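The next block holds one structure in the form of structure tokens; read it before the comments.
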Amino acid sequence: MRTSQYLLATLRDDPSDAEIISHKLMLRAGLIRKLASGLYNWLPSGLKVLKKVEAIVRDEMEKAGAIECLMPFVQPAELWEESGRWGKFGDELLRIQDRHQRSFCLGPTHEEIITDLIRGELRSYKQLPITLFQIQSKFRDETRPRFGVMRAREFLMKDAYSFHITEASLQQTYHIMFKAYCNIFERLGLHYRPVIADTGSIGGSCSHEFHVLAESGEDAIAFSDSSDYAANIEKAEALAPSHERAQPSQSLQKISTPNAHSIEDVANLLKVEQQQIAKTLVVYAADDNNQINGLVALVLPGHHELNEIKVSHLPHVFSPMTMASEEDIRQAINCGPGSIGPVNLNIPVYVDRSAAVMSDFVCGANTDGYHLTGVNWERDCPLGNVVDLRQVVAGDPSPDGQGLLEIKRGIEVGHIFQLGTTYSKSMKAVVLDENGKSQTVTMGCYGIGVSRIIAAAIEQNNDANGIIWPEGMAPFQLAIVPINLHKSPRVEETCEKLYQEMKALGIEVILDDRKERAGVMFNDMELLGIPHRIVVSERGLDNNTLEYKGRVDPESSQVSLQEVVAFIQNKIQHK
RNA sequence: CGGGGCGUAGCGCAGCCAGGUAGCGCACAUGCUCGGGGUGCAUGUGGUCGGAGGUUCAAAUCCUCUCGCCCCGACCA
């Protein structure tokens with residue numbers, strides 16, 4: 001490619017609406033342009049990168065035995081009604097109607113479609129297991145798209161679905177996919193971690209997320225400092241404290257605490273540590289059908305945060321966890337949300353494991369403007385159901401019993417699930433087993449955010465000059481930068497020859513033949529992150545040399561004209 | 001959806017408070033200049049000031065409504 005005949009589209013200034021580095025660099029390097037909130041045009045360089053990632057993902061999926069197919073972006077409502085998700089999915093599902101007023105949606109995922117496809121094609125257990133995948137656009141009407149293609153509404157995803165007759169077969173494929181994902185992220189040169197994840201609304205028994213580690217990540221991940229344990233913080237278990245609850249040493253007292261509603265207020269007023277205060281939160285309870293039915297209280301130490309995912313999974317708690325309104329709290333408890341405590345509380349109580357070992361603690365008195373001090377479980381109020389409610393924090397013991405937890409941030413670029421029969425059951429995907437009996441197939445599903453990977457890779461690999469592509473992702477492998485191309489026939493001739501030779505060798509090369517000054521060309525090529533650069537100048541040609549510099553090399557080096565082709569080939573193959 | 005902010009040339013911004021007929025830098029075009037890290041000079045092109053309505057002799061500026069976008073939160077296979 002010659003820059004004079006290409007859409008380089010680099011920008012000198014940071015666009016004002018970009019916040020994180022990958023978004024800024026993707027705009028500045030001319031990879032993407034925003035069309036509307038959460039919708040992006042992929043410019044030629046960006047598309048080249050996207051295709052690179054796609055190719056690696058495709059290759060590894062095929063190596064893992066998955067077969068590629070392609071399903072429509074627009075999906076009929078009927079299938080979503082059949083799986084029960086038409087009603088459940090919420091506003092993230094963009095619903096549309098065709099000219100006959102039939103309902104469709106833009107596919108946020110393809111479980112319904114693949115299950116429908118497969119139930120029509122599969123008849124026998126002998127056809128299983130089978131894994132199909134596609135690389136297709138998805139649309140999720142995110143409440144808040146942000147960070148460019150990191151959280152876009154329309155994005156490119158690889159999604160795979162596996163079908164099995166036995167649980168063991170699902171486990172096996174899940175394992176193969178796990179390994180394939182590791183291969184993909186390794187080949188992409190990303191610093192990543194597989195982490196134990198919550199299965200969320202999709203259900204299923206086992207699930208892992210793959211995270212690229214980056215400060216700007218939207219998810220928090222808990223790691224053990226001395227084992228392989230890693231989990232999404234939503235899922236990381238806070239173990240029960242190892243020490244026993246101390247014996248009561250204080251008597252129960254009711255004291256006036258006017259205008260002290262938050263843990264911080266109470267701690268300051270009474271001059272006690274936050275961990276000496278029991279925080280009591282009230283959420284909606286639910287009946288067996290997850291319909292809101294009354295309230296339930298949650299007690300945890302004042303300095304800890306509630307983990308909403310854990311709460312949502314508790315029996316008889318409305319899911320998703322929803323904080324009770326002040327009005328409902330006053331009606332049930334007769335005081336405001338800042339004055340609640342477990343003593344004489346007339347609603348069910350869940351107590352966090354670490355709150356269960358508190359003694360002589362402070363809590364709300366269930367009367368506005370009053371708190372209790374010297375409170376002790378069992379003596380002053382029953383110790384309700386003791387469960388894990390809180391968010392883990394750095395320094396907590398690792399749930400696998402080895403080491404302590406550290407918290408880091410990550411960008412979720414992949415997610416694998418053992419779905420079980422969630423979809424196959426509701427949509428009646430069955431095959432005959434070896435006894436000639438009809439059996440519901442068991443499913444797994446495996447997603448990779450292809451477009452998000454690009455943003456994640458840039459978050460992890462950049463410097464003051466721009467993008468530093470991991471090997472295999474760069475839009476071009478080699479940049480040829482001539483000095484005084486338009487004045488020196490020698491430079492022009494050398495560049496032309498080198499360009500043709502490189503092209504013939506299948507090396508993706510970009511020749512900067514613009515009538516620009518050297519600095520401009522250097523800056524653009526570095527912004528775009530091209531891994532290898534050759535400078536052709538009169539000065540070098542006088543000595544029969546060209547100048548080579550790798551994107552991250554501190555200094556450039558001289559290469560003789562005769563050796564340059566082999567030199568570059570070697571660089572590209574061995575890096 | 002709650003809170004905050006922003007829409008003025010392709011990009012980044014000033015002007016708005018104290019209304020008087022739109023400006024700066026970059027980019028772009030032309031010429032000269034420079035020629036190894038975003039040269040210098042000169043001359044130019046480009047804007048119904050997001051949109052609609054209102055107040056006024058006069059609105060980018062004041063008022064009302066509306067649309068779009070960004071940030072924080074909530075939300076999120």
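Chain labels A, B, ... are given in the sequence in which chains occur in the structure tokens; within each chain residues are numbered consecutively from 1, and ligands are likewise numbered from 1 in the order shown.
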
Subject >> Test item: residues at most 12 Å from A27 of chain B, only C-alpha atoms (C1' of nucleotides), excluding those fewer than 5 positions along its chain, as a ChimeraX atom specification >> reply: /A:9-13 /B:9-12,38,46

Original post:
Could you pull out the strand (DSSP E or B) residues of segment 298-524 of chain A from DSSP and send them as an MDAnalysis selection string?
Top reply: chainID A and resid 298:301 306 317 323 349:352 361:364 370:375 377 381 385:387 390 397 404:420 430:432 438:440 442:449 462:463 466:467 478:482 509:511

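The protein and nucleic acid residues lying at most 7 Å from Gly466 of chain A are Leu25, Asn462, Glu526, Leu527, Leu528 and Gly529 of chain A, with only C-alpha atoms (C1' of nucleotides) considered and sequence neighbours fewer than 4 positions away removed.
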
**OP:** Using only C-alpha atoms (C1' of nucleotides), find which residues of chain B lie within 8 Å of chain A and jot them down as a VMD selection string.
**Re:** chain B and resid 11 to 12 26 35 to 38 69 to 70 75 to 77

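DSSP secondary structure from the backbone places Ile263, Glu264, Asp265, Val266, Ala267, Asn268, Leu269 and Leu270 of chain A of segment 202-278 of chain A in alpha helix (DSSP H).
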
Requested write-out: all heavy atoms of the selected residues, as a short mmCIF file (atom, residue, chain, number, x, y, z; two decimals), in the first residue's frame:
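The resulting file, out_36.cif, is shown below:
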```
data_model
loop_
_atom_site.label_atom_id
_atom_site.label_comp_id
_atom_site.auth_asym_id
_atom_site.auth_seq_id
_atom_site.Cartn_x
_atom_site.Cartn_y
_atom_site.Cartn_z
N ILE A 263 -22.67 5.25 58.01
CA ILE A 263 -21.67 4.60 58.86
C ILE A 263 -20.61 5.63 59.27
O ILE A 263 -20.18 5.69 60.42
CB ILE A 263 -21.01 3.42 58.09
CG1 ILE A 263 -22.04 2.32 57.84
CG2 ILE A 263 -19.82 2.88 58.86
CD1 ILE A 263 -22.60 1.64 59.07
N GLU A 264 -20.24 6.46 58.29
CA GLU A 264 -19.22 7.47 58.56
C GLU A 264 -19.68 8.45 59.65
O GLU A 264 -18.93 8.75 60.59
CB GLU A 264 -18.93 8.23 57.26
CG GLU A 264 -17.56 8.87 57.23
CD GLU A 264 -17.36 9.67 55.95
OE1 GLU A 264 -18.07 9.43 54.96
OE2 GLU A 264 -16.49 10.55 55.97
N ASP A 265 -20.94 8.91 59.55
CA ASP A 265 -21.50 9.84 60.55
C ASP A 265 -21.42 9.22 61.94
O ASP A 265 -20.98 9.85 62.90
CB ASP A 265 -22.99 10.11 60.27
CG ASP A 265 -23.22 10.90 59.00
OD1 ASP A 265 -22.23 11.49 58.50
OD2 ASP A 265 -24.36 10.92 58.51
N VAL A 266 -21.89 7.98 62.01
CA VAL A 266 -21.98 7.32 63.31
C VAL A 266 -20.58 7.09 63.89
O VAL A 266 -20.34 7.32 65.08
CB VAL A 266 -22.76 5.99 63.20
CG1 VAL A 266 -22.77 5.25 64.54
CG2 VAL A 266 -24.19 6.24 62.71
N ALA A 267 -19.66 6.68 63.03
CA ALA A 267 -18.28 6.43 63.48
C ALA A 267 -17.66 7.71 64.04
O ALA A 267 -17.03 7.70 65.10
CB ALA A 267 -17.44 5.88 62.34
N ASN A 268 -17.89 8.83 63.34
CA ASN A 268 -17.34 10.10 63.81
C ASN A 268 -17.98 10.56 65.10
O ASN A 268 -17.30 11.01 66.02
CB ASN A 268 -17.51 11.18 62.72
CG ASN A 268 -16.61 10.93 61.53
OD1 ASN A 268 -15.59 10.25 61.66
ND2 ASN A 268 -16.98 11.46 60.38
N LEU A 269 -19.29 10.42 65.15
CA LEU A 269 -20.04 10.89 66.31
C LEU A 269 -19.65 10.11 67.57
O LEU A 269 -19.43 10.68 68.63
CB LEU A 269 -21.53 10.76 66.05
CG LEU A 269 -22.47 11.30 67.13
CD1 LEU A 269 -22.46 12.82 67.13
CD2 LEU A 269 -23.89 10.79 66.91
N LEU A 270 -19.58 8.79 67.44
CA LEU A 270 -19.33 7.95 68.61
C LEU A 270 -17.85 7.65 68.80
O LEU A 270 -17.47 6.97 69.75
CB LEU A 270 -20.10 6.63 68.48
CG LEU A 270 -21.63 6.75 68.32
CD1 LEU A 270 -22.27 5.38 68.24
CD2 LEU A 270 -22.22 7.54 69.47
#
```

Original post:
Which residues, written as number ranges by chain, have at least one atom at most 10 Å from G7 of chain B, with only C-alpha atoms (C1' of nucleotides) counted and residues fewer than 5 positions away on the same chain left out?
Top reply: B: 49-50, 68-69

Original post:
Which polymer residues have any atom within 7 Å of an atom of segment 336-345 of chain A, counting only C-alpha atoms (C1' of nucleotides), with same-chain residues fewer than 3 positions away left out, as number ranges by chain?
Top reply: A: 261-262, 280, 326, 329-330, 363-371, 380-381

Subject >> Selection: 9 Å around Lys51 of chain A, only C-alpha atoms (C1' of nucleotides), excl. self and same-chain fewer than 5 positions, as a PyMOL selection string >> reply: chain A and resi 46+56+473

Using C-alpha atoms, can you write the selected residues to a file as a compact mmCIF listing (two decimals), in the first residue's frame?
```txt
# COMPACT_ATOMS: atom_id res chain seq x y z
CA GLY A 46 -9.00 -0.63 11.58
CA ILE A 56 -6.54 -15.96 14.62
CA MET A 473 -2.43 -7.64 14.96
```

Subject >> All residues 9 Å or closer to Val283 of chain A, only C-alpha atoms (C1' of nucleotides), same chain fewer than 5 positions away omitted, as an MDAnalysis selection string >> reply: chainID A and resid 294:298 317:318 321:325

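Of the listed residues B:A29, B:C34, B:A60, B:G2, the one whose atoms come nearest to U48 of chain B is B:A60, with distances taken using only C-alpha atoms (C1' of nucleotides).
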
**OP:** Would you work out the distance separating atom CA of Ala566 of chain A from atom CA of Ile468 of chain A, expressed in Å to one decimal?
**Re:** 23.4 Å
